[in-house]
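*Asks:* This is data_32.cif, which holds mmCIF, C-alpha atoms:
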```
data_coords
loop_
_atom_site.group_PDB
_atom_site.id
_atom_site.type_symbol
_atom_site.label_atom_id
_atom_site.label_comp_id
_atom_site.auth_asym_id
_atom_site.auth_seq_id
_atom_site.Cartn_x
_atom_site.Cartn_y
_atom_site.Cartn_z
ATOM 1 C CA MET A 6 164.611 83.821 -27.175
ATOM 2 C CA ALA A 7 163.241 87.195 -28.063
ATOM 3 C CA HIS A 8 160.582 88.721 -25.852
ATOM 4 C CA PHE A 9 158.226 91.466 -26.962
ATOM 5 C CA ASP A 10 155.922 93.343 -24.620
ATOM 6 C CA SER A 11 153.438 94.067 -27.381
ATOM 7 C CA ALA A 12 152.627 93.646 -31.042
ATOM 8 C CA LEU A 13 153.769 97.257 -31.472
ATOM 9 C CA ASP A 14 157.253 96.376 -30.165
ATOM 10 C CA MET A 15 157.435 93.391 -32.477
ATOM 11 C CA ALA A 16 156.291 95.365 -35.536
ATOM 12 C CA LYS A 17 158.818 98.138 -34.822
ATOM 13 C CA THR A 18 161.549 95.493 -34.478
ATOM 14 C CA GLN A 19 160.551 93.999 -37.833
ATOM 15 C CA VAL A 20 160.913 97.399 -39.492
ATOM 16 C CA ALA A 21 164.320 97.934 -37.844
ATOM 17 C CA LEU A 22 165.551 94.476 -38.878
ATOM 18 C CA ARG A 23 164.367 94.999 -42.445
ATOM 19 C CA ALA A 24 166.249 98.321 -42.548
ATOM 20 C CA LEU A 25 169.348 96.628 -41.101
ATOM 21 C CA ARG A 26 169.538 94.070 -43.876
ATOM 22 C CA TYR A 27 169.572 96.851 -46.487
ATOM 23 C CA GLY A 28 172.941 97.858 -45.059
ATOM 24 C CA HIS A 29 174.328 94.414 -45.806
ATOM 25 C CA PHE A 30 172.598 93.299 -48.986
ATOM 26 C CA PRO A 31 171.231 94.893 -52.178
ATOM 27 C CA ALA A 32 167.785 96.316 -51.427
ATOM 28 C CA ASP A 33 166.200 94.932 -54.583
ATOM 29 C CA ILE A 34 166.497 91.321 -53.394
ATOM 30 C CA PHE A 35 164.218 92.102 -50.431
ATOM 31 C CA ASP A 36 161.635 94.448 -51.916
ATOM 32 C CA GLU A 37 158.263 93.720 -50.354
ATOM 33 C CA TYR A 38 156.537 97.039 -50.778
ATOM 34 C CA ALA A 39 153.070 95.880 -49.787
ATOM 35 C CA TRP A 40 154.290 94.196 -46.591
ATOM 36 C CA ASP A 41 156.417 97.211 -45.662
ATOM 37 C CA MET A 42 153.425 99.494 -46.213
ATOM 38 C CA MET A 43 151.221 97.275 -44.098
ATOM 39 C CA LEU A 44 153.801 97.188 -41.283
ATOM 40 C CA HIS A 45 154.042 100.981 -41.226
ATOM 41 C CA MET A 46 150.261 101.368 -41.279
ATOM 42 C CA TYR A 47 149.991 98.775 -38.505
ATOM 43 C CA ILE A 48 152.464 100.663 -36.333
ATOM 44 C CA ALA A 49 150.621 103.929 -36.998
ATOM 45 C CA SER A 50 147.322 102.270 -36.093
ATOM 46 C CA LEU A 51 148.667 100.890 -32.822
ATOM 47 C CA ARG A 52 150.074 104.317 -31.981
ATOM 48 C CA LYS A 53 146.748 105.901 -32.947
ATOM 49 C CA GLN A 54 148.562 108.061 -35.502
ATOM 50 C CA LEU A 55 147.363 109.186 -38.905
ATOM 51 C CA MET A 56 149.220 107.984 -41.980
ATOM 52 C CA TYR A 57 149.225 109.882 -45.253
ATOM 53 C CA VAL A 58 149.803 108.422 -48.704
ATOM 54 C CA ASP A 59 152.943 110.526 -49.189
ATOM 55 C CA ASN A 60 154.327 109.253 -45.877
ATOM 56 C CA ILE A 61 153.743 105.604 -46.712
ATOM 57 C CA VAL A 62 155.352 105.997 -50.142
ATOM 58 C CA ASN A 63 158.374 107.787 -48.660
ATOM 59 C CA LEU A 64 158.762 105.187 -45.906
ATOM 60 C CA THR A 65 158.654 102.248 -48.269
ATOM 61 C CA SER A 66 159.280 102.652 -51.962
ATOM 62 C CA LYS A 67 160.862 106.080 -52.472
ATOM 63 C CA ASN A 68 159.225 105.965 -55.895
ATOM 64 C CA THR A 69 155.775 107.473 -56.335
ATOM 65 C CA ALA A 70 154.814 105.289 -59.302
ATOM 66 C CA THR A 71 155.806 102.074 -57.519
ATOM 67 C CA GLY A 72 154.136 103.182 -54.295
ATOM 68 C CA SER A 73 150.940 104.060 -56.149
ATOM 69 C CA ARG A 74 150.833 100.652 -57.838
ATOM 70 C CA TRP A 75 151.137 98.868 -54.496
ATOM 71 C CA ILE A 76 148.522 101.102 -52.889
ATOM 72 C CA LYS A 77 146.138 100.227 -55.727
ATOM 73 C CA HIS A 78 146.904 96.542 -55.228
ATOM 74 C CA LEU A 79 146.308 96.725 -51.469
ATOM 75 C CA SER A 80 143.077 98.606 -52.108
ATOM 76 C CA ALA A 81 141.882 95.975 -54.617
ATOM 77 C CA GLU A 82 142.579 93.304 -51.978
ATOM 78 C CA ASN A 83 140.549 95.301 -49.407
ATOM 79 C CA MET A 84 143.607 95.602 -47.166
ATOM 80 C CA ILE A 85 143.481 99.399 -46.837
ATOM 81 C CA ASN A 86 141.065 102.277 -46.461
ATOM 82 C CA MET A 87 141.605 105.578 -48.220
ATOM 83 C CA ASP A 88 140.024 108.871 -47.220
ATOM 84 C CA GLY A 89 141.515 111.614 -49.348
ATOM 85 C CA ASP A 90 145.225 111.596 -48.551
ATOM 86 C CA LEU A 91 144.735 109.473 -45.416
ATOM 87 C CA ILE A 92 145.534 105.777 -45.634
ATOM 88 C CA SER A 93 145.014 103.032 -43.053
ATOM 89 C CA LEU A 94 144.619 99.301 -42.750
ATOM 90 C CA SER A 95 141.104 97.980 -43.197
ATOM 91 C CA GLU A 96 139.516 96.369 -40.153
ATOM 92 C CA GLU A 97 140.090 92.932 -41.714
ATOM 93 C CA ALA A 98 143.754 93.680 -42.382
ATOM 94 C CA LEU A 99 144.197 95.056 -38.860
ATOM 95 C CA ASP A 100 142.650 91.883 -37.428
ATOM 96 C CA ARG A 101 144.963 89.767 -39.592
ATOM 97 C CA MET A 102 148.021 91.772 -38.523
ATOM 98 C CA ASN A 103 147.027 91.388 -34.871
ATOM 99 C CA GLU A 104 146.634 87.629 -35.291
ATOM 100 C CA TYR A 105 149.912 87.331 -37.218
ATOM 101 C CA HIS A 106 151.842 89.250 -34.560
ATOM 102 C CA SER A 107 150.203 87.292 -31.750
ATOM 103 C CA GLN A 108 151.167 83.976 -33.341
ATOM 104 C CA ALA A 109 154.672 85.240 -34.170
ATOM 105 C CA MET A 110 155.212 86.381 -30.560
ATOM 106 C CA ASP A 111 154.052 82.958 -29.327
ATOM 107 C CA LEU A 112 156.539 81.231 -31.633
ATOM 108 C CA LEU A 113 159.421 83.471 -30.581
ATOM 109 C CA GLU A 114 158.730 83.076 -26.880
ATOM 110 C CA THR A 115 158.574 79.282 -26.848
#
```
Turn the structure described in the file into structure tokens.

*Replies:*
Amino acid sequence: MAHFDSALDMAKTQVALRALRYGHFPADIFDEYAWDMMLHMYIASLRKQLMYVDNIVNLTSKNTATGSRWIKHLSAENMINMDGDLISLSEEALDRMNEYHSQAMDLLET
């Protein structure tokens, strides 16, 4: 079974695995822009790093219009905070990501 020392390790592994599958399958069958954005913001939060809107769009959608639509959707769902060009998970979303990763680590380690 997989073992992760932290939620940060698990989140980084998720990003790496998602990138790996793009090398084997067409990217459009896996597009989950909002989830990818949330994963990157989660990793940045755990690392205590700032995330900018341009960064999150470049890391996830490669398309400004698509990225902007998903940012608007995440904002409408109160999943993110925006402060100028800075973007981060809301406290509620951060709590949910922590709980998700905690439960996922428990499942993988049993």

*Asks:* Please provide as a list of chain:residue names all residues within 9 Å of range 105-107 of chain A, with the sequence filter that same-chain residues fewer than 4 positions apart are discarded (counting all atoms listed in the file).

*Replies:*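 Once the nearby chain positions are removed, what remains is A:Ser11, A:Ala12, A:Leu13, A:Met15, A:Ala16, A:Asp100, A:Arg101, A:Asp111, A:Leu112.
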
*Asks:* Could you tell me, as a PyMOL selection string, exactly which residues end up selected when the PyMOL selection byres ((chain A and resi 66) around 10) is applied to this structure?

*Replies:* chain A and resi 36-39+41-42+61-65+67-73+75

*Asks:* Please tell me which residues are no farther than 12 Å from (146.5, 101.6, -35.1) in the file, counting all atoms listed in the file, and write them as a PyMOL selection string.

*Replies:* chain A and resi 12-13+16+43-56+92-96+98-100+102-103

*Asks:* Could you state the separation of CA of Lys77 in chain A and CA of Phe35 in chain A in Å, given to one decimal place?

*Replies:*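 Distance reported for this atom pair: 20.5 Å.
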
*Asks:* From the set A:Trp40, A:Pro31, A:Glu114, A:Ile85, which residue has the shortest atom-to-atom contact distance to Gln19 in chain A, counting all atoms listed in the file?

*Replies:* A:Trp40

*Asks:* Quick one: pull the distance between CA of Phe9 in chain A and CA of Leu113 in chain A, Å, one decimal.

*Replies:*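 Interatomic distance here is 8.9 Å.
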
*Asks:* Could you work out how far CA of Lys17 in chain A lies from CA of Phe30 in chain A, giving the answer in Å with one decimal?

*Replies:*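 Computing the Euclidean distance for CA of Phe30 in chain A and CA of Lys17 in chain A yields 20.3 Å.
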
*Asks:* Which residue is closest to Glu82 in chain A? Choose from A:Asp14, A:Glu97, A:Ile34, A:Ala21 and count only C-alpha atoms.

*Replies:*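 The shortest atom-to-atom distance to Glu82 in chain A comes from A:Glu97.
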